[in-house]
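Visitor: To start, I am sharing the structure in question, which I have written as structure tokens.
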Amino acid sequence: MKASKPRALDRIDLKILSCLQDNARISYVDLANQVGLSTTPCLERVKRLERNGVIKGYKAHLNPKYLRANLLVFVEISLETQSSAVFDEFRRAVSKQPQIQECHLVSGQFDYILKCRIPEMSAYRQLLEEVVLTLPGVKESKSYVVMEEVKEDTSIYVPDLNEFDENQLT
């Protein structure tokens, strides 16, 4: 039996996503009121959005200054070779490092960019020497220490329904 294709997002789904992104702790009653549904249909839509992977999870947004993670550093990584085996080994190793918040394979002059949060510069030097430069396949790195965080937003822009074409809704 062929799996059914997830239902396309509609105007109400987009309103739910926008509301939850603004306040994931909103009650289902308040959410339902904001999107113009009764509570049960609203809850069913949220569960469907979760089941279909549109909503990946819920997290608290923590303030790094209270957790000794004041220093933000972006690191360009160049690998010695570009092969799927090297990429896989690198990804597995990076995923085990809690100070590395994000890792992205990119096009251009280098292979990966890492986003790291650490207490201060000496901790970054230690992370660089003991972790980053020992990751599998690393040839070189270039670091960019953030002097000021101008904008940090984990939200994803939720477009209006009229901004989608029919093929983009699923």
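Simple scheme: letters A, B, ... for chains in structure tokens order, numbers from 1 for residues in each chain, numbers from 1 for ligands in the order shown.
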When you look at segment 22-32 of chain A with a cut-off of 6 Å (counting only C-alpha atoms), what residues show up, excluding the ones that are within fewer than 6 positions of it in the same chain? I need them as a list of chain:residue names.
Guide: A:Ser38, A:Thr39, A:Cys42
Visitor: Might you pull out every residue within 6 Å of segment 72-87 of chain A, with only C-alpha atoms counted and same-chain residues fewer than 6 positions away left off, and present them as a list in words?
Guide: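 Here the answer would be Phe110, Asp111, Tyr112, Ile113, Leu114, Lys115, Cys116, Arg117, Gly137, Val138, Lys139, Glu140, Ser141, Lys142, Ser143, Tyr144, Val145 and Val146 of chain A.
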Visitor: Output all heavy atoms for every residue in the selection just made, as a compact mmCIF listing (two decimals), in the first residue's frame.
Guide:
```txt
# COMPACT_ATOMS: atom_id res chain seq x y z
N PHE A 110 35.69 26.97 1.29
CA PHE A 110 35.88 26.01 2.38
C PHE A 110 34.72 25.03 2.37
O PHE A 110 33.79 25.18 1.59
CB PHE A 110 36.05 26.72 3.73
CG PHE A 110 34.94 27.70 4.05
CD1 PHE A 110 33.88 27.33 4.83
CD2 PHE A 110 34.98 28.99 3.54
CE1 PHE A 110 32.86 28.21 5.12
CE2 PHE A 110 33.96 29.90 3.82
CZ PHE A 110 32.89 29.50 4.61
N ASP A 111 34.78 24.03 3.23
CA ASP A 111 33.79 22.95 3.19
C ASP A 111 32.66 23.09 4.21
O ASP A 111 31.50 22.84 3.89
CB ASP A 111 34.50 21.60 3.40
CG ASP A 111 35.52 21.34 2.32
OD1 ASP A 111 35.12 21.34 1.14
OD2 ASP A 111 36.70 21.15 2.64
N TYR A 112 33.00 23.45 5.43
CA TYR A 112 32.01 23.54 6.50
C TYR A 112 32.15 24.87 7.21
O TYR A 112 33.23 25.46 7.25
CB TYR A 112 32.22 22.43 7.54
CG TYR A 112 31.77 21.07 7.08
CD1 TYR A 112 32.68 20.20 6.49
CD2 TYR A 112 30.46 20.65 7.22
CE1 TYR A 112 32.27 18.93 6.06
CE2 TYR A 112 30.05 19.40 6.79
CZ TYR A 112 30.96 18.55 6.22
OH TYR A 112 30.56 17.31 5.80
N ILE A 113 31.05 25.31 7.82
CA ILE A 113 31.11 26.42 8.75
C ILE A 113 30.49 25.94 10.06
O ILE A 113 29.44 25.29 10.06
CB ILE A 113 30.44 27.70 8.21
CG1 ILE A 113 30.76 28.88 9.13
CG2 ILE A 113 28.96 27.52 8.01
CD1 ILE A 113 30.59 30.22 8.49
N LEU A 114 31.18 26.22 11.15
CA LEU A 114 30.73 25.82 12.48
C LEU A 114 30.34 27.06 13.27
O LEU A 114 30.96 28.12 13.12
CB LEU A 114 31.85 25.11 13.24
CG LEU A 114 32.57 23.95 12.57
CD1 LEU A 114 33.67 23.42 13.47
CD2 LEU A 114 31.59 22.85 12.19
N LYS A 115 29.34 26.91 14.10
CA LYS A 115 28.97 27.96 15.05
C LYS A 115 29.26 27.39 16.43
O LYS A 115 28.68 26.37 16.83
CB LYS A 115 27.49 28.31 14.91
CG LYS A 115 27.00 29.35 15.90
CD LYS A 115 25.51 29.60 15.74
CE LYS A 115 24.98 30.54 16.80
NZ LYS A 115 23.51 30.71 16.67
N CYS A 116 30.15 28.06 17.16
CA CYS A 116 30.58 27.56 18.47
C CYS A 116 30.28 28.60 19.55
O CYS A 116 30.47 29.79 19.33
CB CYS A 116 32.09 27.30 18.47
SG CYS A 116 32.66 26.19 17.18
N ARG A 117 29.84 28.14 20.71
CA ARG A 117 29.62 29.00 21.88
C ARG A 117 30.49 28.47 23.01
O ARG A 117 30.40 27.30 23.37
CB ARG A 117 28.17 28.97 22.31
CG ARG A 117 27.33 29.92 21.52
CD ARG A 117 26.36 30.64 22.45
NE ARG A 117 25.56 31.57 21.70
CZ ARG A 117 25.78 32.87 21.67
NH1 ARG A 117 26.75 33.40 22.36
NH2 ARG A 117 25.02 33.66 20.95
N GLY A 137 39.80 14.59 8.98
CA GLY A 137 39.96 15.19 7.67
C GLY A 137 40.22 16.67 7.63
O GLY A 137 40.35 17.25 6.55
N VAL A 138 40.33 17.34 8.78
CA VAL A 138 40.51 18.79 8.79
C VAL A 138 41.91 19.16 8.31
O VAL A 138 42.91 18.68 8.83
CB VAL A 138 40.24 19.39 10.19
CG1 VAL A 138 40.62 20.86 10.24
CG2 VAL A 138 38.79 19.21 10.57
N LYS A 139 41.94 20.01 7.28
CA LYS A 139 43.21 20.51 6.75
C LYS A 139 43.55 21.85 7.39
O LYS A 139 44.67 22.08 7.81
CB LYS A 139 43.13 20.65 5.24
CG LYS A 139 44.41 21.21 4.60
CD LYS A 139 44.37 21.14 3.09
CE LYS A 139 43.47 22.23 2.54
NZ LYS A 139 43.49 22.31 1.07
N GLU A 140 42.56 22.75 7.44
CA GLU A 140 42.79 24.06 8.04
C GLU A 140 41.48 24.68 8.50
O GLU A 140 40.39 24.23 8.13
CB GLU A 140 43.50 25.00 7.06
CG GLU A 140 42.72 25.30 5.81
CD GLU A 140 43.52 26.14 4.81
OE1 GLU A 140 44.70 26.45 5.08
OE2 GLU A 140 42.95 26.49 3.77
N SER A 141 41.64 25.72 9.33
CA SER A 141 40.46 26.43 9.83
C SER A 141 40.74 27.92 9.82
O SER A 141 41.89 28.36 9.83
CB SER A 141 40.12 25.98 11.25
OG SER A 141 41.10 26.44 12.16
N LYS A 142 39.66 28.68 9.80
CA LYS A 142 39.74 30.13 9.92
C LYS A 142 38.61 30.54 10.85
O LYS A 142 37.46 30.16 10.64
CB LYS A 142 39.57 30.78 8.55
CG LYS A 142 39.78 32.30 8.56
CD LYS A 142 39.48 32.91 7.21
CE LYS A 142 40.74 32.94 6.38
NZ LYS A 142 40.51 33.71 5.12
N SER A 143 38.95 31.32 11.88
CA SER A 143 37.98 31.68 12.91
C SER A 143 37.53 33.13 12.79
O SER A 143 38.33 34.00 12.43
CB SER A 143 38.60 31.48 14.30
OG SER A 143 39.01 30.15 14.47
N TYR A 144 36.28 33.35 13.13
CA TYR A 144 35.70 34.69 13.17
C TYR A 144 35.02 34.86 14.52
O TYR A 144 33.98 34.26 14.79
CB TYR A 144 34.66 34.88 12.06
CG TYR A 144 35.26 34.68 10.69
CD1 TYR A 144 35.23 33.43 10.08
CD2 TYR A 144 35.86 35.73 10.01
CE1 TYR A 144 35.79 33.23 8.83
CE2 TYR A 144 36.42 35.55 8.75
CZ TYR A 144 36.38 34.29 8.17
OH TYR A 144 36.94 34.10 6.94
N VAL A 145 35.63 35.67 15.38
CA VAL A 145 35.09 35.92 16.71
C VAL A 145 34.06 37.04 16.59
O VAL A 145 34.35 38.11 16.03
CB VAL A 145 36.20 36.31 17.70
CG1 VAL A 145 35.62 36.65 19.07
CG2 VAL A 145 37.22 35.17 17.82
N VAL A 146 32.88 36.80 17.10
CA VAL A 146 31.79 37.78 17.03
C VAL A 146 32.02 38.85 18.09
O VAL A 146 32.17 38.55 19.27
CB VAL A 146 30.43 37.08 17.22
CG1 VAL A 146 29.30 38.11 17.30
CG2 VAL A 146 30.18 36.08 16.10
```
Visitor: May I ask which of the residues A:Gly53, A:Pro119, A:Pro136, A:Pro6 is the closest one to Leu67 of chain A, counting only C-alpha atoms?
Guide: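 Residue with the minimum atom-to-atom distance to Leu67 of chain A: A:Pro119.
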Visitor: Quick one: pull the distance between atom CA of Leu127 of chain A and atom CA of Lys56 of chain A, Å, one decimal.
Guide: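 One can read the atom CA of Leu127 of chain A to atom CA of Lys56 of chain A distance as 29.4 Å.
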Visitor: Compile the contact shell of segment 129-135 of chain A as a list in words: residues with an atom at most 8 Å away, counting only C-alpha atoms, same-chain residues fewer than 6 positions apart removed.
Guide: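 The residues that qualify are Phe90, Ala93, Val94 and Ser141 of chain A.
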Visitor: Can you list, as an MDAnalysis selection string, every residue of segment 41-131 of chain A that DSSP puts in alpha helix (DSSP H)?
Guide: chainID A and resid 41:51 84:95 121:130
Visitor: Hey, what's within 7 Å of Ser155 of chain A if we count only C-alpha atoms and toss same-chain stuff fewer than 2 positions away? As a ChimeraX atom specification, please?
Guide: /A:21,153,157
Visitor: Taking the chain letters and numbering used in this document, name the residues of segment 8-108 of chain A that DSSP puts in strand (DSSP E), as a CSV table (one decimal) with C-alpha atoms, in the first residue's frame.
Guide:
```
chain,number,residue,atom,x,y,z
A,71,LEU,CA,31.8,34.0,23.2
A,72,LEU,CA,30.4,33.2,19.8
A,73,VAL,CA,32.8,32.1,17.1
A,74,PHE,CA,32.2,31.0,13.5
A,75,VAL,CA,34.8,28.7,12.1
A,76,GLU,CA,35.5,27.9,8.4
A,77,ILE,CA,36.7,24.3,8.0
A,78,SER,CA,38.6,23.0,4.9
A,79,LEU,CA,39.0,19.3,4.6
A,100,ILE,CA,29.5,23.3,18.4
A,101,GLN,CA,26.0,24.5,18.1
A,102,GLU,CA,25.7,24.3,14.3
A,103,CYS,CA,27.6,22.7,11.4
A,104,HIS,CA,26.8,23.4,7.8
A,105,LEU,CA,28.3,22.0,4.6
```
Visitor: Skipping near chain neighbours, those fewer than 4 positions away, what residues fall within 12 Å of Arg11 of chain A using only C-alpha atoms, listed as an MDAnalysis selection string?
Guide: chainID A and resid 15:18 35:36 45 158:164 169
Visitor: Nearest residue to Leu62 of chain A out of A:Leu20, A:Thr154, A:Glu120, A:Asn33, using only C-alpha atoms?
Guide: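 Checking each candidate against Leu62 of chain A, we get A:Thr154 as the closest.
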